[in-house]
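**Student:** Shown below is the structure under consideration.
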There are 2 protein chains.
Amino acid sequence: MANSNATYQDIANYTGFSKTTISRYFNRPESVTEENREKISHALEVLNYQSNKVARILARGRTEFIGIIVPNMYMSFYDEILDQFLKTYDKYGYKFIVFSSNGNEESERQYISELLSYHVEGLVMLSHTIPSFELSSYGVPIVGIEREDLYISSVNTDNLEGAAQATRLLCDAGCEVLLHINKEGDDDRTPAHRRIDGFLKVCRERNITHRVFTYGQESDYQDLQQRITVLVDDILTTWPGWKKGLFCSSDSIANIVLNDLFRRFGQLPPDFRIIGFDGSSLADQSVLPLSTVEQQVDQLVDSAMDLLVSQIRERKEPEQNSVSEPVHRTIAPVLRQGATV
Amino acid sequence: MANSNATYQDIANYTGFSKTTISRYFNRPESVTEENREKISHALEVLNYQSNKVARILARGRTEFIGIIVPNMYMSFYDEILDQFLKTYDKYGYKFIVFSSNGNEESERQYISELLSYHVEGLVMLSHTIPSFELSSYGVPIVGIEREDLYISSVNTDNLEGAAQATRLLCDAGCEVLLHINKEGDDDRTPAHRRIDGFLKVCRERNITHRVFTYGQESDYQDLQQRITVLVDDILTTWPGWKKGLFCSSDSIANIVLNDLFRRFGQLPPDFRIIGFDGSSLADQSVLPLSTVEQQVDQLVDSAMDLLVSQIRERKEPEQNSVSEPVHRTIAPVLRQGATV
């Protein structure tokens with residue numbers, strides 16, 4: 001693809017401006033009046049100079065970049081979120097520079113510094129490690145999804161309501177003891193922690209026997225499977241003959257439990273009901289389609305882009321130096337019944 | 001994060017050059033001698049000007065961007081490849097602008113045009129739609145992975161060898177009839193098609209009864225499951241009592257077959273052996289850990305980056321205008337025995 005860029009002289013000839021003005025346009029755009037910038041910009045398009053986005057960035061201050069930092073790519077929830085962001089290109093034209101941090105805080109700071117140096121117009125944070133107070137100090141439009149969000153705008157699933165729906169479904173299916181598995185040690189302010197609150201709320205309303213189990217930072221998938229096997233042993237021993245309803249805080253955990261039961265019994269035993277959370281592709285790929293609380297990824301992402309674009313627009317307002325308050329939006333989850341409740 | 005950029009005057013004072021020279025450095029770097037560029041570049045770092053990457057791009061012609069186009073994110077193979085590319089940041093410092101094309105050829109052309117306009121230093125193509133002949137005409141360093149690659153450099157798994165290993169494993173496990181499921185209608189030149197060749201080669205060597213089944217462009221996961229159920233019916237009816245060995249061209253298909261059998265029989269029947277391909281996370285998450293032919297994603301990506309960086313370096317050589325021949329590298333797959341063979 002030959003680079004057929006016009007020279008400064010060509011642009012000067014076309015517009016009638018001096019070469020110095022053209023140079024200033026690229027170099028110190030703010031020193032050229034808006035009217036003249038428009039003329040030069042038009043000339044560039046006519047002269048087929050426009051394919052050089054780097055020059056455009058300098059000229060207009062718009063990189064059309066958004067940076068995204070995901071904690072990892074092995075949880076399908078993050079893949080689906082990322083995919084949905086990439087699809088917004090058609091609507092907004094933003095390009096995404098993507099980093100996967102593996103939960104390493106120092107790496108994340110380095111990534112953010114890189115992204116800021118490229119003048120990204122906004123940041124999307126899915127990773128949890130850097131506190132929102134620090135993120136808010138970077139002075140760049142930013143939106144968090146399903147993470148601690150005290151000082152930044154965010155979009156989250158209504159986790160309390162989703163958990164309550166899942167728990168009610170298990171009650172209504174005639175379960176006599178309700179169990180919840182969640183990850184231990186997570187910051188109390190993370191949205192996923194509210195799933196425990198929703199579970200406990202319904203258990204107390206219905207006055208039903210219940211227990212919350214937690215698992216730790218298991219180092220890999222095999223360790224996690226082993227931890228779940230011990231937990232299933234415990235459940236089978238403690239409540240033999242009871243109709244057991246198990247609400248798992250992710251489809252991944254629900255899938256491990258279901259696999260464990262199939263290996264033991266060749267089926268989901270009739271006295272065992274399971275529901276997951278996320279509505280990820282794993283819920284379909286499981287040995288039985290999992291019942292799950294679906295996070296509406298398309299709406300989470302639409303709403304996040306909407307917040308981000310509003311913030312970007314605000315920055316562009318002249319004399320708009322006041323920092324606006326963080327905005328928090330909540331997306332309703334959708335109960336999806338598979339074959340496990 | 002306050003932008004504490006130095007002014008042209010500051011840089012001129014520090015270096016002893018005129019402001020015009022500083023301006024030329026940003027504006028037309030080729031008009032400044034390399035020695036002087038080095039001096040100015042050093043001054044920028046001292047004066048903390050370096051955080052403005054956009055200026056650096058203009059000054060040095062290095063965007064440090066690589067564009068990646070994946071066909072989709074719902075196949076975990078692509079997620080794992082993408083994740084591995086993002087991790088190469090530590091080694092190479094390249095940032096990745098990512099697009100997901102959903103197999104739409106026109107979208108892909110638009111993405112590539114965007115990427116070229118940002119002066120990406122290289123392209124990684126995982127999607128299949130645009131022929132390599134066209135890709136090679138863009139004149140940008142490019143590497144394909146597991147796609148048609150006649151006119152571009154590429155890295156592929158040794159699919160023939162992987163399929164042969166899988167088929168031999170089924171033979172050695174005492175299977176009396178060998179079956180292979182692959183996707184129909186794929187271009188004969190796609191690397192995955194060679195899995196059929198590897199399967200047939202071993203079946204003929206061992207002189208064993210065999211058949212190849214194909215499935216079409218099923219529109220979604222449910223359709224694919226239904227297609228596989230019909231196929232399993234067919235297999236059970238045609239070879240009752242035979243010890244059946246099934247080699248699937250992906251872990252996703254192997255997982256669907258295994259789930260189907262578990263729903264019918266509560267177990268993997270003793271006369272049924274299954275092996276998948278990819279070594280994706282799904283192989284672990286299946287109701288029984290799947291035997292599979294693992295594509296070594298880390299080596300595929302290392303090798304792809306190595307090829308890309310070589311091409312980028314070649315471009316930088318002055319007077320190196322000759323286009324080098326495409327280089328094709330092959331990565332050995334690794335047989336991983338789970339619980340299904």
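Residue names in the structure tokens use chain letters A, B, ... in the order shown, residue numbers from 1 in each chain, and ligand numbers from 1 in the order shown.
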Return the Cα root-mean-square deviation, in Å, for chain B superposed on chain A by least squares with the Cα atoms paired in order.

**Tutor:** 0.2 Å

**Student:** Given only C-alpha atoms, how would the per-residue table for chain B near chain A read, listing every residue at most 8 Å away with its closest atom pair and distance in Å to one decimal, sorted by chain and number, as CSV?

**Tutor:**
```
residue,atom,partner,partner_atom,distance
B:Met1,CA,A:Tyr138,CA,5.0
B:Ser23,CA,A:Asn27,CA,7.6
B:Phe26,CA,A:Asn27,CA,7.6
B:Asn27,CA,A:Asn27,CA,7.0
B:Ser51,CA,A:Ser117,CA,5.0
B:Asn52,CA,A:Ser117,CA,5.2
B:Lys53,CA,A:Ser117,CA,5.3
B:Val54,CA,A:Tyr118,CA,6.1
B:Ile57,CA,A:Val54,CA,7.8
B:Leu58,CA,A:Val54,CA,7.5
B:Asn72,CA,A:Asp83,CA,7.8
B:Met73,CA,A:Asp83,CA,6.2
B:Tyr74,CA,A:Glu80,CA,7.5
B:Asp79,CA,A:Met73,CA,6.4
B:Glu80,CA,A:Met73,CA,7.1
B:Asp83,CA,A:Met73,CA,6.2
B:Leu86,CA,A:Phe99,CA,6.0
B:Lys87,CA,A:Ser100,CA,7.2
B:Lys95,CA,A:Ile97,CA,6.8
B:Phe96,CA,A:Ile97,CA,5.6
B:Ile97,CA,A:Ile97,CA,4.6
B:Val98,CA,A:Phe96,CA,6.1
B:Phe99,CA,A:Leu86,CA,6.0
B:Ser100,CA,A:Leu86,CA,6.4
B:Ser117,CA,A:Ser51,CA,5.0
B:Tyr118,CA,A:Lys53,CA,5.3
B:His119,CA,A:Asn52,CA,7.7
B:Ser137,CA,A:Met1,CA,7.1
B:Tyr138,CA,A:Met1,CA,5.2
B:Gly139,CA,A:Met1,CA,5.9
B:Asn255,CA,A:Gln285,CA,7.6
B:Ile256,CA,A:Gln285,CA,7.3
B:Asn259,CA,A:Val287,CA,4.8
B:Asp260,CA,A:Val287,CA,7.8
B:Phe262,CA,A:Gly266,CA,7.2
B:Arg263,CA,A:Val287,CA,7.4
B:Phe265,CA,A:Gly266,CA,7.7
B:Gly266,CA,A:Gly266,CA,4.0
B:Gln267,CA,A:Gly266,CA,5.8
B:Ser281,CA,A:Tyr74,CA,7.7
B:Gln285,CA,A:Ile256,CA,7.3
B:Ser286,CA,A:Ser286,CA,7.1
B:Val287,CA,A:Asn259,CA,4.8
B:Leu288,CA,A:Asn259,CA,7.6
```

**Student:** Excluding same-chain residues fewer than 2 positions from stretch 299-304 of chain A, what lies within 12 Å of it counting only C-alpha atoms, as an MDAnalysis selection string?

**Tutor:** chainID A and resid 66 68 77:78 80:89 91:92 122:126 141:146 152:158 294:297 306:311 327:334

**Student:** So which bits of stretch 141-300 of chain B end up strand (DSSP E or B) when you DSSP the backbone, as a VMD selection string?

**Tutor:** chain B and resid 142 to 145 153 to 157 177 to 183 209 to 215 244 to 248 272 to 278 291 to 294
